[in-house]
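Asks: Quick one, work_4.cif (mmCIF, C-alpha atoms and all ligand atoms):
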```cif
data_model
loop_
_atom_site.group_PDB
_atom_site.id
_atom_site.type_symbol
_atom_site.label_atom_id
_atom_site.label_comp_id
_atom_site.auth_asym_id
_atom_site.auth_seq_id
_atom_site.Cartn_x
_atom_site.Cartn_y
_atom_site.Cartn_z
ATOM 1 C CA MET A 29 -5.813 -6.509 -28.269
ATOM 2 C CA LYS A 30 -6.218 -8.285 -31.559
ATOM 3 C CA ASN A 31 -2.795 -7.305 -32.778
ATOM 4 C CA MET A 32 -0.965 -8.665 -29.792
ATOM 5 C CA GLU A 33 1.095 -11.145 -31.756
ATOM 6 C CA ASN A 34 2.495 -8.328 -33.859
ATOM 7 C CA ASN A 35 3.332 -6.221 -30.889
ATOM 8 C CA SER A 36 4.813 -8.685 -28.487
ATOM 9 C CA ASP A 37 7.767 -6.431 -27.862
ATOM 10 C CA ARG A 38 5.494 -3.781 -26.437
ATOM 11 C CA ARG A 39 4.228 -5.714 -23.500
ATOM 12 C CA GLN A 40 6.125 -7.484 -20.824
ATOM 13 C CA PHE A 41 4.507 -10.368 -19.071
ATOM 14 C CA LEU A 42 5.085 -11.642 -15.625
ATOM 15 C CA LYS A 43 3.975 -15.215 -15.605
ATOM 16 C CA VAL A 44 3.070 -15.476 -11.976
ATOM 17 C CA THR A 45 2.212 -19.041 -11.287
ATOM 18 C CA THR A 46 4.715 -20.428 -8.875
ATOM 19 C CA MET A 47 7.132 -17.661 -8.071
ATOM 20 C CA GLY A 48 6.737 -15.576 -4.990
ATOM 21 C CA ILE A 49 8.663 -13.422 -2.632
ATOM 22 C CA ALA A 50 11.186 -16.166 -1.921
ATOM 23 C CA SER A 51 12.113 -16.595 -5.551
ATOM 24 C CA LEU A 52 12.024 -12.854 -6.056
ATOM 25 C CA ALA A 53 14.803 -12.532 -3.555
ATOM 26 C CA ALA A 54 16.809 -14.959 -5.627
ATOM 27 C CA GLY A 55 16.171 -12.935 -8.739
ATOM 28 C CA GLY A 56 13.556 -15.305 -10.132
ATOM 29 C CA LEU A 57 11.029 -12.669 -11.010
ATOM 30 C CA LEU A 58 13.603 -10.431 -12.588
ATOM 31 C CA ARG A 59 14.337 -13.185 -15.075
ATOM 32 C CA SER A 60 10.665 -13.812 -15.574
ATOM 33 C CA ALA A 61 9.859 -10.159 -16.088
ATOM 34 C CA HIS A 62 12.060 -10.085 -19.119
ATOM 35 C CA GLY A 63 11.469 -13.629 -20.209
ATOM 36 C CA GLU A 64 7.910 -14.110 -21.299
ATOM 37 C CA GLU A 65 6.366 -11.772 -23.757
ATOM 38 C CA GLY A 66 3.405 -11.594 -26.060
ATOM 39 C CA LYS A 67 0.316 -13.557 -25.267
ATOM 40 C CA SER A 68 -2.853 -13.285 -27.267
ATOM 41 C CA GLN A 69 -5.887 -11.722 -25.687
ATOM 42 C CA GLY A 70 -7.930 -14.855 -26.303
ATOM 43 C CA GLU A 71 -5.848 -16.821 -23.866
ATOM 44 C CA SER A 72 -7.021 -14.689 -20.999
ATOM 45 C CA SER A 73 -10.692 -14.325 -21.755
ATOM 46 C CA ALA A 74 -13.126 -15.900 -19.360
ATOM 47 C CA SER A 75 -14.532 -18.104 -22.117
ATOM 48 C CA ASN A 76 -11.103 -19.725 -22.513
ATOM 49 C CA ASN A 77 -10.722 -20.040 -18.798
ATOM 50 C CA PRO A 78 -12.958 -22.985 -17.992
ATOM 51 C CA ALA A 79 -11.467 -23.551 -14.561
ATOM 52 C CA GLY A 80 -12.227 -19.894 -13.817
ATOM 53 C CA THR A 81 -9.013 -19.387 -11.938
ATOM 54 C CA LYS A 82 -6.946 -17.256 -14.263
ATOM 55 C CA VAL A 83 -6.762 -13.498 -13.868
ATOM 56 C CA GLU A 84 -4.775 -11.315 -16.242
ATOM 57 C CA LEU A 85 -3.969 -7.786 -15.174
ATOM 58 C CA LEU A 86 -2.775 -5.121 -17.586
ATOM 59 C CA PHE A 87 -1.611 -1.844 -16.056
ATOM 60 C CA LEU A 88 -2.946 1.062 -18.113
ATOM 61 C CA GLY A 89 -1.498 3.772 -15.910
ATOM 62 C CA THR A 90 0.683 3.624 -12.813
ATOM 63 C CA GLY A 91 1.099 7.279 -11.891
ATOM 64 C CA ALA A 92 -0.334 9.618 -9.274
ATOM 65 C CA ALA A 93 -2.203 12.792 -10.209
ATOM 66 C CA ASN A 94 0.944 14.911 -10.522
ATOM 67 C CA TRP A 95 1.996 13.308 -13.835
ATOM 68 C CA PRO A 96 1.031 15.189 -17.026
ATOM 69 C CA LYS A 97 -2.593 14.613 -18.015
ATOM 70 C CA LYS A 98 -1.524 14.341 -21.632
ATOM 71 C CA TYR A 99 0.213 11.125 -22.681
ATOM 72 C CA PRO A 100 3.058 11.232 -25.227
ATOM 73 C CA PRO A 101 2.125 10.460 -28.846
ATOM 74 C CA LEU A 102 2.292 6.850 -30.028
ATOM 75 C CA ASN A 103 5.359 7.409 -32.193
ATOM 76 C CA GLN A 104 7.409 8.541 -29.206
ATOM 77 C CA LYS A 105 9.295 5.571 -27.840
ATOM 78 C CA LEU A 106 9.120 5.302 -24.058
ATOM 79 C CA SER A 107 11.352 3.339 -21.764
ATOM 80 C CA ARG A 108 9.752 1.449 -18.896
ATOM 81 C CA GLY A 109 8.300 3.817 -16.288
ATOM 82 C CA GLU A 110 9.631 6.914 -18.080
ATOM 83 C CA VAL A 111 6.090 8.253 -18.285
ATOM 84 C CA ARG A 112 3.165 7.149 -16.149
ATOM 85 C CA GLY A 113 -0.477 7.548 -17.058
ATOM 86 C CA MET A 114 -3.153 8.110 -14.440
ATOM 87 C CA SER A 115 -3.642 4.882 -12.488
ATOM 88 C CA SER A 116 -5.878 2.338 -14.182
ATOM 89 C CA MET A 117 -5.895 -1.407 -14.721
ATOM 90 C CA LEU A 118 -7.585 -3.791 -17.123
ATOM 91 C CA VAL A 119 -8.736 -7.182 -15.810
ATOM 92 C CA ASN A 120 -9.078 -10.122 -18.195
ATOM 93 C CA GLY A 121 -9.142 -7.774 -21.158
ATOM 94 C CA HIS A 122 -12.640 -6.426 -20.512
ATOM 95 C CA ILE A 123 -13.021 -4.993 -16.992
ATOM 96 C CA LEU A 124 -11.451 -1.563 -16.589
ATOM 97 C CA ILE A 125 -10.692 -0.184 -13.134
ATOM 98 C CA ASP A 126 -10.853 3.621 -13.313
ATOM 99 C CA CYS A 127 -11.006 5.722 -16.423
ATOM 100 C CA GLY A 128 -8.898 8.854 -16.129
ATOM 101 C CA PRO A 129 -7.666 11.355 -18.711
ATOM 102 C CA THR A 130 -4.790 9.253 -20.123
ATOM 103 C CA VAL A 131 -6.408 5.826 -20.347
ATOM 104 C CA LEU A 132 -7.388 5.898 -24.026
ATOM 105 C CA ASP A 133 -3.864 6.839 -25.136
ATOM 106 C CA VAL A 134 -2.326 4.148 -22.951
ATOM 107 C CA MET A 135 -4.790 1.563 -24.291
ATOM 108 C CA LYS A 136 -3.793 2.419 -27.844
ATOM 109 C CA ARG A 137 -0.121 2.073 -27.038
ATOM 110 C CA TYR A 138 -0.576 -1.376 -25.496
ATOM 111 C CA ASP A 139 -3.131 -2.667 -27.995
ATOM 112 C CA ALA A 140 -6.074 -2.819 -25.636
ATOM 113 C CA ASN A 141 -9.344 -2.358 -27.468
ATOM 114 C CA THR A 142 -11.997 -0.072 -25.981
ATOM 115 C CA ALA A 143 -14.729 -2.068 -27.741
ATOM 116 C CA ASP A 144 -13.806 -5.108 -25.621
ATOM 117 C CA ILE A 145 -14.623 -3.319 -22.361
ATOM 118 C CA THR A 146 -17.836 -4.584 -20.797
ATOM 119 C CA ASP A 147 -17.510 -3.023 -17.338
ATOM 120 C CA ILE A 148 -15.800 -0.113 -15.614
ATOM 121 C CA LEU A 149 -15.183 -0.198 -11.863
ATOM 122 C CA LEU A 150 -14.705 3.226 -10.308
ATOM 123 C CA THR A 151 -12.639 3.652 -7.160
ATOM 124 C CA HIS A 152 -13.507 7.327 -6.599
ATOM 125 C CA THR A 153 -14.155 10.591 -8.417
ATOM 126 C CA HIS A 154 -10.793 12.360 -8.204
ATOM 127 C CA PRO A 155 -10.086 13.620 -11.722
ATOM 128 C CA ASP A 156 -7.081 11.323 -12.224
ATOM 129 C CA HIS A 157 -9.547 8.384 -11.984
ATOM 130 C CA LEU A 158 -12.661 9.711 -13.666
ATOM 131 C CA HIS A 159 -12.860 11.431 -17.050
ATOM 132 C CA ALA A 160 -16.348 11.847 -18.518
ATOM 133 C CA ASP A 161 -15.334 12.103 -22.194
ATOM 134 C CA ASN A 162 -13.230 8.949 -22.008
ATOM 135 C CA ILE A 163 -16.056 7.035 -20.342
ATOM 136 C CA LEU A 164 -18.418 8.100 -23.129
ATOM 137 C CA ALA A 165 -15.843 7.199 -25.785
ATOM 138 C CA ILE A 166 -15.530 3.689 -24.357
ATOM 139 C CA ALA A 167 -19.301 3.299 -24.015
ATOM 140 C CA ASN A 168 -19.857 4.474 -27.582
ATOM 141 C CA SER A 169 -17.171 2.189 -29.003
ATOM 142 C CA ARG A 170 -19.112 -0.884 -27.894
ATOM 143 C CA ASP A 171 -21.151 -2.746 -30.423
ATOM 144 C CA ALA A 172 -24.682 -1.442 -29.772
ATOM 145 C CA GLY A 173 -26.056 -4.966 -29.986
ATOM 146 C CA LEU A 174 -24.105 -5.916 -26.879
ATOM 147 C CA GLY A 175 -26.056 -3.582 -24.629
ATOM 148 C CA PRO A 176 -24.774 -0.713 -22.523
ATOM 149 C CA LEU A 177 -21.446 -0.498 -20.741
ATOM 150 C CA ARG A 178 -21.892 -1.386 -17.069
ATOM 151 C CA PHE A 179 -20.391 1.258 -14.801
ATOM 152 C CA TRP A 180 -19.910 0.300 -11.149
ATOM 153 C CA GLY A 181 -19.188 2.639 -8.273
ATOM 154 C CA ASP A 182 -20.297 4.110 -4.985
ATOM 155 C CA PRO A 183 -23.876 5.442 -5.387
ATOM 156 C CA GLU A 184 -22.790 9.000 -4.586
ATOM 157 C CA ALA A 185 -19.856 8.806 -7.003
ATOM 158 C CA LEU A 186 -22.113 7.536 -9.807
ATOM 159 C CA LYS A 187 -23.860 10.929 -9.829
ATOM 160 C CA GLN A 188 -20.735 12.318 -11.496
ATOM 161 C CA VAL A 189 -20.734 9.738 -14.268
ATOM 162 C CA PRO A 190 -22.305 11.010 -17.489
ATOM 163 C CA ASP A 191 -25.857 9.929 -18.252
ATOM 164 C CA SER A 192 -26.171 8.037 -21.504
ATOM 165 C CA ASP A 193 -28.306 5.221 -22.874
ATOM 166 C CA ARG A 194 -24.992 3.473 -23.604
ATOM 167 C CA ILE A 195 -24.091 3.423 -19.890
ATOM 168 C CA GLU A 196 -25.846 1.426 -17.210
ATOM 169 C CA LYS A 197 -24.932 2.637 -13.725
ATOM 170 C CA ARG A 198 -24.627 -0.094 -11.113
ATOM 171 C CA PRO A 199 -24.233 1.014 -7.471
ATOM 172 C CA VAL A 200 -21.667 -0.890 -5.444
ATOM 173 C CA GLU A 201 -22.511 -1.753 -1.868
ATOM 174 C CA ILE A 202 -19.520 -2.139 0.415
ATOM 175 C CA GLU A 203 -18.569 -5.740 1.206
ATOM 176 C CA ARG A 204 -21.386 -7.087 -0.974
ATOM 177 C CA PRO A 205 -19.858 -9.162 -3.816
ATOM 178 C CA PHE A 206 -21.220 -9.037 -7.357
ATOM 179 C CA ASP A 207 -20.472 -11.106 -10.417
ATOM 180 C CA ILE A 208 -18.926 -10.042 -13.691
ATOM 181 C CA ASP A 209 -18.560 -12.870 -16.174
ATOM 182 C CA GLY A 210 -17.646 -15.430 -13.516
ATOM 183 C CA LEU A 211 -15.396 -13.091 -11.529
ATOM 184 C CA LYS A 212 -16.489 -12.250 -8.010
ATOM 185 C CA ILE A 213 -15.905 -8.553 -7.355
ATOM 186 C CA THR A 214 -16.245 -6.853 -3.975
ATOM 187 C CA GLY A 215 -15.997 -3.122 -3.267
ATOM 188 C CA LEU A 216 -14.310 -2.372 0.054
ATOM 189 C CA ALA A 217 -14.101 0.961 1.838
ATOM 190 C CA SER A 218 -10.811 2.790 1.488
ATOM 191 C CA ASN A 219 -9.122 5.405 3.663
ATOM 192 C CA HIS A 220 -9.280 8.159 1.088
ATOM 193 C CA HIS A 221 -11.473 11.206 0.660
ATOM 194 C CA VAL A 222 -12.904 13.398 -2.046
ATOM 195 C CA ASP A 223 -13.554 16.961 -0.889
ATOM 196 C CA ALA A 224 -17.153 18.149 -0.977
ATOM 197 C CA SER A 225 -18.408 14.649 -1.721
ATOM 198 C CA ASN A 226 -20.219 12.140 0.465
ATOM 199 C CA GLU A 227 -18.938 9.220 -1.547
ATOM 200 C CA THR A 228 -17.118 6.309 0.008
ATOM 201 C CA CYS A 229 -13.884 5.719 -1.867
ATOM 202 C CA LEU A 230 -13.524 2.074 -2.873
ATOM 203 C CA ILE A 231 -10.854 -0.512 -3.438
ATOM 204 C CA TYR A 232 -11.714 -3.790 -5.144
ATOM 205 C CA LEU A 233 -11.252 -7.451 -4.307
ATOM 206 C CA ILE A 234 -11.325 -9.630 -7.413
ATOM 207 C CA GLU A 235 -11.762 -13.373 -7.000
ATOM 208 C CA SER A 236 -11.733 -16.036 -9.661
ATOM 209 C CA GLY A 237 -12.038 -19.516 -8.228
ATOM 210 C CA ALA A 238 -8.982 -20.003 -6.044
ATOM 211 C CA THR A 239 -7.264 -16.871 -7.358
ATOM 212 C CA SER A 240 -7.731 -13.510 -5.685
ATOM 213 C CA VAL A 241 -6.247 -10.068 -6.027
ATOM 214 C CA LEU A 242 -6.830 -6.807 -4.181
ATOM 215 C CA TYR A 243 -6.585 -3.526 -6.097
ATOM 216 C CA ALA A 244 -5.945 -1.046 -3.287
ATOM 217 C CA THR A 245 -5.519 2.450 -4.666
ATOM 218 C CA ASP A 246 -6.193 5.223 -3.768
ATOM 219 C CA ALA A 247 -5.769 4.512 -0.085
ATOM 220 C CA ALA A 248 -3.649 5.145 2.965
ATOM 221 C CA TRP A 249 -3.364 1.989 5.056
ATOM 222 C CA LEU A 250 -6.411 -0.272 5.140
ATOM 223 C CA LEU A 251 -9.462 0.784 7.115
ATOM 224 C CA THR A 252 -10.072 -1.392 10.171
ATOM 225 C CA ARG A 253 -13.331 -2.773 8.759
ATOM 226 C CA THR A 254 -11.641 -3.594 5.461
ATOM 227 C CA SER A 255 -8.754 -5.342 7.195
ATOM 228 C CA ILE A 256 -11.303 -7.403 9.159
ATOM 229 C CA TYR A 257 -13.159 -8.301 5.954
ATOM 230 C CA LEU A 258 -9.904 -9.430 4.377
ATOM 231 C CA ARG A 259 -8.894 -11.635 7.308
ATOM 232 C CA LYS A 260 -10.749 -14.596 5.872
ATOM 233 C CA LYS A 261 -9.222 -14.124 2.422
ATOM 234 C CA GLN A 262 -6.007 -15.444 0.941
ATOM 235 C CA LEU A 263 -4.599 -13.118 -1.659
ATOM 236 C CA ASP A 264 -2.411 -14.086 -4.600
ATOM 237 C CA ALA A 265 -1.637 -10.454 -5.303
ATOM 238 C CA ILE A 266 -2.105 -7.048 -3.826
ATOM 239 C CA ILE A 267 -1.683 -3.801 -5.694
ATOM 240 C CA TRP A 268 -0.826 -0.971 -3.335
ATOM 241 C CA ASP A 269 -1.099 2.774 -3.602
ATOM 242 C CA ALA A 270 2.599 3.639 -3.316
ATOM 243 C CA THR A 271 2.325 7.345 -4.032
ATOM 244 C CA MET A 272 5.097 8.642 -1.804
ATOM 245 C CA GLY A 273 7.994 6.242 -2.226
ATOM 246 C CA GLU A 274 10.218 6.286 0.851
ATOM 247 C CA GLY A 275 8.154 9.161 2.265
ATOM 248 C CA GLN A 276 9.627 11.686 4.708
ATOM 249 C CA GLY A 277 6.942 13.972 6.004
ATOM 250 C CA ASP A 278 4.825 14.276 2.889
ATOM 251 C CA PRO A 279 1.301 15.568 3.716
ATOM 252 C CA ARG A 280 -0.247 13.029 1.340
ATOM 253 C CA ILE A 281 0.436 10.390 3.994
ATOM 254 C CA PHE A 282 -3.133 10.726 5.274
ATOM 255 C CA SER A 283 -4.628 9.614 1.968
ATOM 256 C CA HIS A 284 -1.845 7.580 0.303
ATOM 257 C CA ASN A 285 0.910 5.129 1.304
ATOM 258 C CA ASP A 286 4.639 5.407 1.512
ATOM 259 C CA LEU A 287 6.837 2.318 1.325
ATOM 260 C CA THR A 288 7.275 2.061 5.081
ATOM 261 C CA MET A 289 3.509 1.750 5.487
ATOM 262 C CA ILE A 290 3.408 -0.863 2.725
ATOM 263 C CA ARG A 291 6.185 -2.894 4.361
ATOM 264 C CA HIS A 292 4.303 -2.858 7.676
ATOM 265 C CA MET A 293 1.070 -3.972 6.041
ATOM 266 C CA ASN A 294 2.767 -6.742 4.040
ATOM 267 C CA GLN A 295 4.385 -8.111 7.160
ATOM 268 C CA THR A 296 1.106 -8.122 9.067
ATOM 269 C CA LEU A 297 -0.992 -9.525 6.231
ATOM 270 C CA ALA A 298 1.597 -12.261 5.677
ATOM 271 C CA SER A 299 1.554 -13.196 9.360
ATOM 272 C CA GLN A 300 -2.272 -13.287 9.246
ATOM 273 C CA LYS A 301 -1.967 -15.515 6.161
ATOM 274 C CA VAL A 302 -4.077 -13.028 4.210
ATOM 275 C CA LEU A 303 -1.165 -12.963 1.778
ATOM 276 C CA LYS A 304 -0.322 -16.364 0.363
ATOM 277 C CA PRO A 305 3.371 -17.254 0.707
ATOM 278 C CA ASP A 306 3.888 -16.627 -3.013
ATOM 279 C CA ALA A 307 1.715 -13.490 -3.177
ATOM 280 C CA LYS A 308 2.806 -10.761 -5.561
ATOM 281 C CA ILE A 309 3.170 -7.308 -4.032
ATOM 282 C CA ILE A 310 2.760 -4.704 -6.752
ATOM 283 C CA LEU A 311 3.125 -0.935 -6.421
ATOM 284 C CA THR A 312 1.162 1.614 -8.437
ATOM 285 C CA HIS A 313 -0.010 5.267 -8.268
ATOM 286 C CA LEU A 314 3.623 6.388 -8.065
ATOM 287 C CA ALA A 315 4.027 10.156 -7.739
ATOM 288 C CA LYS A 316 6.306 12.007 -10.114
ATOM 289 C CA GLY A 317 9.370 13.264 -8.306
ATOM 290 C CA LEU A 318 9.021 10.995 -5.274
ATOM 291 C CA HIS A 319 10.565 7.887 -6.840
ATOM 292 C CA PRO A 320 13.875 7.287 -8.605
ATOM 293 C CA SER A 321 13.989 6.039 -12.210
ATOM 294 C CA HIS A 322 12.110 2.810 -12.848
ATOM 295 C CA GLU A 323 15.358 0.939 -13.411
ATOM 296 C CA GLU A 324 16.617 2.097 -10.031
ATOM 297 C CA LEU A 325 13.269 1.296 -8.399
ATOM 298 C CA GLU A 326 13.434 -2.289 -9.683
ATOM 299 C CA LYS A 327 17.006 -2.622 -8.499
ATOM 300 C CA ARG A 328 16.077 -1.446 -5.012
ATOM 301 C CA LEU A 329 12.664 -3.057 -4.574
ATOM 302 C CA LEU A 330 12.562 -6.351 -6.479
ATOM 303 C CA PRO A 331 15.062 -8.012 -4.106
ATOM 304 C CA GLU A 332 12.675 -7.381 -1.194
ATOM 305 C CA GLY A 333 9.689 -8.700 -3.153
ATOM 306 C CA LEU A 334 8.093 -5.383 -4.129
ATOM 307 C CA ILE A 335 7.214 -5.091 -7.816
ATOM 308 C CA PRO A 336 6.977 -1.516 -9.086
ATOM 309 C CA ALA A 337 4.362 -1.501 -11.859
ATOM 310 C CA TYR A 338 4.835 0.343 -15.129
ATOM 311 C CA ASP A 339 2.391 1.275 -17.886
ATOM 312 C CA GLY A 340 1.896 -1.775 -20.093
ATOM 313 C CA MET A 341 2.966 -4.313 -17.463
ATOM 314 C CA SER A 342 0.916 -7.465 -17.498
ATOM 315 C CA VAL A 343 0.627 -9.984 -14.717
ATOM 316 C CA VAL A 344 -0.976 -13.375 -15.144
ATOM 317 C CA LEU A 345 -2.247 -15.033 -11.995
ATOM 318 C CA ASP A 346 -3.164 -18.652 -12.507
ATOM 319 C CA LYS A 347 -3.799 -21.097 -9.733
ATOM 320 C CA GLY A 348 -5.382 -23.638 -12.093
HETATM 321 ZN ZN ZN A 401 -5.317 9.092 -7.572
HETATM 322 ZN ZN ZN A 402 -7.619 10.037 -5.085
#
```
Represent the structure from my file as structure tokens, please.
Ligand SMILES: [Zn+2]
Ligand SMILES: [Zn+2]
Replies:
Amino acid sequence: MKNMENNSDRRQFLKVTTMGIASLAAGGLLRSAHGEEGKSQGESSASNNPAGTKVELLFLGTGAANWPKKYPPLNQKLSRGEVRGMSSMLVNGHILIDCGPTVLDVMKRYDANTADITDILLTHTHPDHLHADNILAIANSRDAGLGPLRFWGDPEALKQVPDSDRIEKRPVEIERPFDIDGLKITGLASNHHVDASNETCLIYLIESGATSVLYATDAAWLLTRTSIYLRKKQLDAIIWDATMGEGQGDPRIFSHNDLTMIRHMNQTLASQKVLKPDAKIILTHLAKGLHPSHEELEKRLLPEGLIPAYDGMSVVLDKG
């Protein structure tokens, strides 16, 4: 991320401090999405975040498993959402959620540096989220003096993560928060399943002081126990599995969301005050062929407060 200043045109920032669904409806976010670009990595690091309330999210893949596993070469110019890597997200420049087959190429394109990654959080072991060679490449790119890469996941899922003295496996216990560099992270059980595995698929709650965000893919709905756990939380952002778009009888409905499900959940979570009034509702894990072009998606969804993510999209949450 060191070359950010030279590549400000590559990344689009949503400065998400005061605008919410209400201003979205008035087009506020649309202006913002195109208005603020290029922010140096240093501004988002925990060490420059003394109040501990700022969370920067960089989407390093927003597609479901049916997108090509090979990402276009760097010299091929891509319009927003034209190609989607396997779903992955970087938090505060150093915590990677999921590490699938496309993540290294997407990182290169958006100037994210593998050597900066201190921790990987795994949601589950489907191959669009877990790629052994890429995990090893990230672990080996770290300065050896900094110690091994920490790799967090369900204990059963961790068995599929390569063994290496550069990787330290850390089992995640459901609903038991742990700390990464001042961020409070909690793995929550997700309604999703990996065949022939006893693992519990996870989604992650990330809290930084008064700021909190839920990364909720892959998942269909929220499990009852997870929805109960979240009742005492107030989210600034939620990132939904939106695999199926408007839906219509797709069999993936038992393990992923369509937009009708997402609308129902938003309404309920808002009425329970789990979503703050200005919470950002972001959609990822979009299946190829089940959504219109990204431009059309934005036109349809932004007015109702749904933000379709795209590879390279950055969101800054700051309640400080
Ligand atoms: Zn997936
Ligand atoms: Zn999956």
Asks: Could you please determine the separation between CA of Cys127 in chain A and CA of Gln104 in chain A in Å, to one decimal place?
Replies: 22.6 Å
Asks: With all atoms listed in the file as the basis for distance, which of A:Met289, A:Leu149, A:Gly173, A:Ser321 is at the shortest distance from Gly275 in chain A?
Replies: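 Ranking A:Met289, A:Leu149, A:Gly173, A:Ser321 by distance to Gly275 in chain A, first place goes to A:Met289.
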Asks: Taking all atoms listed in the file into account, name the residue in A:Leu186, A:Leu86, A:Leu150, A:Ala248 that is nearest to Leu230 in chain A.
Replies: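 Once distances to Leu230 in chain A are computed over all atoms listed in the file, the minimum belongs to A:Leu150.
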Asks: Using only C-alpha atoms and all ligand atoms, find each protein or nucleic acid residue lying at most 6 Å from ligand ZN 401 (chain A); present the set as a ChimeraX atom specification.
Replies: /A:92-93,156,246
Asks: Per residue of chain A within 8 Å of ligand ZN 402 (chain A), note the shortest atom pair and the distance in Å to one decimal, counting only C-alpha atoms and all ligand atoms, and order the rows by chain and increasing residue number, as JSON lines.
Replies:
```
{"residue": "A:Ala93", "atom": "CA", "partner": "A:ZN402", "partner_atom": "ZN", "distance": 7.9}
{"residue": "A:His152", "atom": "CA", "partner": "A:ZN402", "partner_atom": "ZN", "distance": 6.7}
{"residue": "A:Thr153", "atom": "CA", "partner": "A:ZN402", "partner_atom": "ZN", "distance": 7.4}
{"residue": "A:His154", "atom": "CA", "partner": "A:ZN402", "partner_atom": "ZN", "distance": 5.0}
{"residue": "A:Pro155", "atom": "CA", "partner": "A:ZN402", "partner_atom": "ZN", "distance": 7.9}
{"residue": "A:Asp156", "atom": "CA", "partner": "A:ZN402", "partner_atom": "ZN", "distance": 7.3}
{"residue": "A:His157", "atom": "CA", "partner": "A:ZN402", "partner_atom": "ZN", "distance": 7.4}
{"residue": "A:His220", "atom": "CA", "partner": "A:ZN402", "partner_atom": "ZN", "distance": 6.7}
{"residue": "A:His221", "atom": "CA", "partner": "A:ZN402", "partner_atom": "ZN", "distance": 7.0}
{"residue": "A:Val222", "atom": "CA", "partner": "A:ZN402", "partner_atom": "ZN", "distance": 7.0}
{"residue": "A:Thr245", "atom": "CA", "partner": "A:ZN402", "partner_atom": "ZN", "distance": 7.9}
{"residue": "A:Asp246", "atom": "CA", "partner": "A:ZN402", "partner_atom": "ZN", "distance": 5.2}
{"residue": "A:Ala247", "atom": "CA", "partner": "A:ZN402", "partner_atom": "ZN", "distance": 7.7}
{"residue": "A:Ser283", "atom": "CA", "partner": "A:ZN402", "partner_atom": "ZN", "distance": 7.7}
```
Asks: Go through A:Arg170, A:Leu311, A:Glu201, A:Arg259 one by one, measure the shortest atom-to-atom distance of each to His284 in chain A using only C-alpha atoms, and give the residue with the smallest value.
Replies: A:Leu311
Asks: Show me as a CSV table (one decimal) with C-alpha atoms, in the coordinates of the input the residues that reach within 12 Å of (-11.6, -5.9, 6.4), counting all atoms listed in the file and using the file's own coordinates.
Replies:
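As a result, part-v7.csv now contains:
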```
chain,number,residue,atom,x,y,z
A,202,ILE,CA,-19.5,-2.1,0.4
A,203,GLU,CA,-18.6,-5.7,1.2
A,214,THR,CA,-16.2,-6.9,-4.0
A,215,GLY,CA,-16.0,-3.1,-3.3
A,216,LEU,CA,-14.3,-2.4,0.1
A,217,ALA,CA,-14.1,1.0,1.8
A,218,SER,CA,-10.8,2.8,1.5
A,219,ASN,CA,-9.1,5.4,3.7
A,231,ILE,CA,-10.9,-0.5,-3.4
A,232,TYR,CA,-11.7,-3.8,-5.1
A,233,LEU,CA,-11.3,-7.5,-4.3
A,242,LEU,CA,-6.8,-6.8,-4.2
A,249,TRP,CA,-3.4,2.0,5.1
A,250,LEU,CA,-6.4,-0.3,5.1
A,251,LEU,CA,-9.5,0.8,7.1
A,252,THR,CA,-10.1,-1.4,10.2
A,253,ARG,CA,-13.3,-2.8,8.8
A,254,THR,CA,-11.6,-3.6,5.5
A,255,SER,CA,-8.8,-5.3,7.2
A,256,ILE,CA,-11.3,-7.4,9.2
A,257,TYR,CA,-13.2,-8.3,6.0
A,258,LEU,CA,-9.9,-9.4,4.4
A,259,ARG,CA,-8.9,-11.6,7.3
A,260,LYS,CA,-10.7,-14.6,5.9
A,261,LYS,CA,-9.2,-14.1,2.4
A,297,LEU,CA,-1.0,-9.5,6.2
A,302,VAL,CA,-4.1,-13.0,4.2
```
Asks: With distances taken over all atoms listed in the file, which of A:Leu158, A:Val83, A:Leu132, A:Val111 is nearest to Pro96 in chain A?
Replies: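 For Pro96 in chain A, the nearest of the candidates is A:Val111.
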Asks: Selection in question (the file shown): the PyMOL selection byres (((chain A and resi 194) around 7) and not hetatm). Which residues does it include, as a PyMOL selection string?
Replies: chain A and resi 167-168+176-177+192-193+195-196
Asks: From the options A:Asp191, A:Asp133, A:Leu303, A:Leu174, which residue's atoms come nearest to Ala160 in chain A, counting all atoms listed in the file?
Replies: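 The answer is A:Asp191, which sits nearest to Ala160 in chain A.
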Asks: Kindly give the distance, in Å, that separates CA of Pro305 in chain A and CA of Gly333 in chain A, rounded to a single decimal.
Replies: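 We find that CA of Pro305 in chain A and CA of Gly333 in chain A lie 11.3 Å from each other.
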Asks: As an exercise, work out the distance from CA of Lys301 in chain A to CA of Ile123 in chain A in Å and give it to one decimal place.
Replies: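 Separation between CA of Lys301 in chain A and CA of Ile123 in chain A: 27.7 Å.
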Asks: Suppose a student applies the PyMOL selection byres (((chain A and resi 320) around 12) and not hetatm) to this structure; what residues should they get, written as a list in words?
Replies: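 Applied to this file, the PyMOL selection byres (((chain A and resi 320) around 12) and not hetatm) returns Gly109, Glu110, Met272, Gly273, Glu274, Leu314, Ala315, Lys316, Gly317, Leu318, His319, Ser321, His322, Glu323, Glu324, Leu325, Glu326, Lys327, Arg328, Leu329 and Pro336 of chain A.
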Asks: Evaluate the PyMOL selection byres (((chain A and resi 122) around 8) and not hetatm) here and jot the selected residues down as a PyMOL selection string.
Replies: chain A and resi 118-121+123-124+144-147
Asks: Of the residues A:Asp346, A:Asp171, A:Asp126, A:Asp161, which is the one nearest to Asp306 in chain A, using all atoms listed in the file?
Replies: A:Asp346
Asks: Which neighbours of Asp339 in chain A fall inside 12 Å, counting only C-alpha atoms, when residues of the same chain fewer than 3 positions from it are skipped, and could you give them as a ChimeraX atom specification?
Replies: /A:38-41,85-91,99,106-118,130-131,133-138,311-314,322,336,342-343
